[in-house]
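Encoded as structure tokens, the structure appears first; notes follow it.
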Amino acid sequence: MKTYVSEQIKKNIADSIKKNIRQGNFQIREIPEIILLKTKNKSHGDIATNIALQLSGIAKLKPMDIAHFIIDNLDAKNNVIAKVEIAKPGFINFWFKDDWLYQILDDIRDQKDDYGKIDVGKGKRIQLEFVSVNPTGPLHVGHGKCAVIGDTLSKILKAAGFKIEKEYYINDQGKQIDILGQSVQSRYNIFLGEDKEFPSDGYKGKYITDIAREIAAKYGDRFKGKEDQETKNFFKEFTVKNILNGIKKDLENFGVKFDVWFSEKSLFNKNKIQEIIDLLNSKGLIYKEKGALWLKTSVFGDEKDRVIVRENGIPTYFASDIAYHQDKYQRGFEKIIDVWGADHHGYIERMKAAIQALGYPQSFLDVLIVQFVTLIKEGKEVGMSTRDGEFITLRDLIKEVGKDVARYFFLMRSYDSHTEFDLDIAKSQSMENPVYYIQYAYARICSILRKAEEANIVLDKIDKINFQLLDKEEELELIKKLLFFKEAIKRSALSWKPHLLTTYLYDLASTFHKYYTVHRIITEDDELTKSRLALIDCTKIILLNTFNLLGISAPESM
RNA sequence: GUGCCCGUGGCUUAAUUGGAUAAAGCGACGGCCUCCGGAGCCGUAGAUUGGAGGUUCAAGUCCUCUCGGGCACACCA
């Protein structure tokens, strides 16, 4: 049972269609992709195909007739399908054999942590870049959402057989960083009694004052009143380093780790910006206007051309970003995915144009746009503005609701819809909070397994467990849910939607809770007890594997 | 004004990427513990999927228009 369910059945269907073609029943040249659907309604079997409906247009036959032709020629000797039926407009419904379902339990017990690793990625190298917040202040909750989406997606893609690298791009130079340094320097001077004006567009957060105070404590009045370049650089570098360390720490506490921290400044140090400008110039894609250098991005679908070197001779952020993406390409990734906040969506066309200007395929870059987060406290929206320093930081959020809840809340919904993060619900340890519901399922299983152990009921070796005893409706439901795990990973990975896995997890927990209430695991019958223990042990493994993919902890008791 | 995202029961959202009777949680109402964890389970009420057209065997999903909400339209990053 190493192959997917779907592949096996798809092949059977395809074989049947080929047979029909040979017999002259179907006048078609090509077989469309066979799609298998998990049925919503039990009376429609376990899995279904709409192939007959799809073929009716091409083969110019009634869907029901096509369906009949297909099942007439279907290989009945396979060990997966117990029953086949044709329904209303032309669906073909399949029922799994119980014996075949039981095999999955052996597989899960056998592979444990590795169960769920699939190979749809075929080792394709993908780079995921996310968060990449300017080191001008601490992370807020919106960044947290991007962080979890990127991090979880990377875990899912890895499980699906892709080779993933996670990267954070540090904008450690430029105008904003200058202002940042000035802000701290000014606070420092004010702190030491030197009357310096605070920059009008400066950063006003409390963290700025904290850093200034730290410098004062460490270096005394060594920089007091100084305005030379060296001093300015000192404040810039000290501040960036300080804030970046805070960001790293916050992310780590959130379970997010990066493989590479890439410095924008390093591109300048290696003269990469000038190189990229020369390259684009040699392609005839650059021209001078109003004293600035422009890149002809409009040639590649952007709404207008963009400045890459300002009138004052300083390259724009866009210029270094092009150099950065060139660097990514040169590192040999087959695809890169940038995860951006919704406020950056206007930047996509420009970047895609730049990718093409460099001569790379447009498909090299994909951008995921993560919609905003609104915090709700006591039924009211909490404002978040970085400049004014009123925002709620990611650190505060984790402190308030915990890592697991914060991660889950960002992952439970599709990233492209706005998140309404209700702090009161997130904090409540009640039924309103889905995280507890899921973790409770896991803790419950652990508890039962402990109980069994105390009663000296030990699971036999795999071959001694009689799975045939698992014939209750709720048991088969649970097994089918376990069966869907790999499919959930596959779908989640290929569509880049982590929330599909969250939905699956909730569903699995729910199926287990139902089973638990209806049937006892530990019974008088030793053999039955053991097979049921094996079943919930498998459930435990899948729950744990899903928790790991989502970066949520699995408590053995709560 | 132009572009992108979103409109699904009272509230927060799902919907296997175009499939069958639109699914959960919260809230409301009513049930279930002599027994493995009640942070659980079961049931009832509640939806013309913002609106109008169109595409086809089939539309919450795709196209056009329209009405609401969010975001972006820098020689900032």
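Chain identifiers are assigned as A, B, and so on, following the order in which chains appear in the structure tokens; residues are numbered from 1 within each chain, and ligands are numbered from 1 in order of appearance.
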With the cut-off set at 6 Å and counting only C-alpha atoms (C1' of nucleotides), tabulate each residue of chain A with an atom at most that distance from an atom of chain B, showing the nearest atom pair and its distance in Å to one decimal, ordered by chain and increasing number, as CSV.
residue,atom,partner,partner_atom,distance
A:Arg310,CA,B:C75,C1',4.6
A:Asp343,CA,B:C71,C1',5.8
A:Gly346,CA,B:A72,C1',5.3
A:Ser430,CA,B:A39,C1',5.8
A:Ile448,CA,B:C36,C1',5.5
A:Thr517,CA,B:C41,C1',5.9
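Secondary structure from DSSP on the backbone puts strand (DSSP E) at the following positions of region 138-250 of chain A: A:Lys163, A:Ile164, A:Glu165, A:Lys166, A:Glu167, A:Tyr168, A:Tyr169, A:Ile170.
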Check: What gap, in Å, lies between CA of Ile156 (chain A) and CA of Leu550 (chain A)?
Finding: 8.3 Å
Check: What gap, in Å, lies between CA of Glu289 (chain A) and CA of Asn271 (chain A)?
Finding: 23.6 Å
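For G43 (chain B), the residues within 12 Å (counting only C-alpha atoms (C1' of nucleotides), excluding itself and residues fewer than 4 positions away along the chain) are C29, G30, G31 and C32 of chain B.
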Note to self: Can you tell me, as a ChimeraX atom specification, which residues in region 187-331 of chain A count as alpha helix (DSSP H) by DSSP?
What the structure shows: /A:187-191,206-219,229-253,264-269,272-282,317-330
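Residue nearest Ile521 (chain A) within the list A:Asn312, A:Ser447, A:Ser492, A:Ser132: A:Ser447 [criterion: smallest interatomic distance, only C-alpha atoms].
Counting only C-alpha atoms (C1' of nucleotides), the residue from B:C11, B:A47, B:A22, B:A52 that sits nearest to C65 (chain B) is B:A52.
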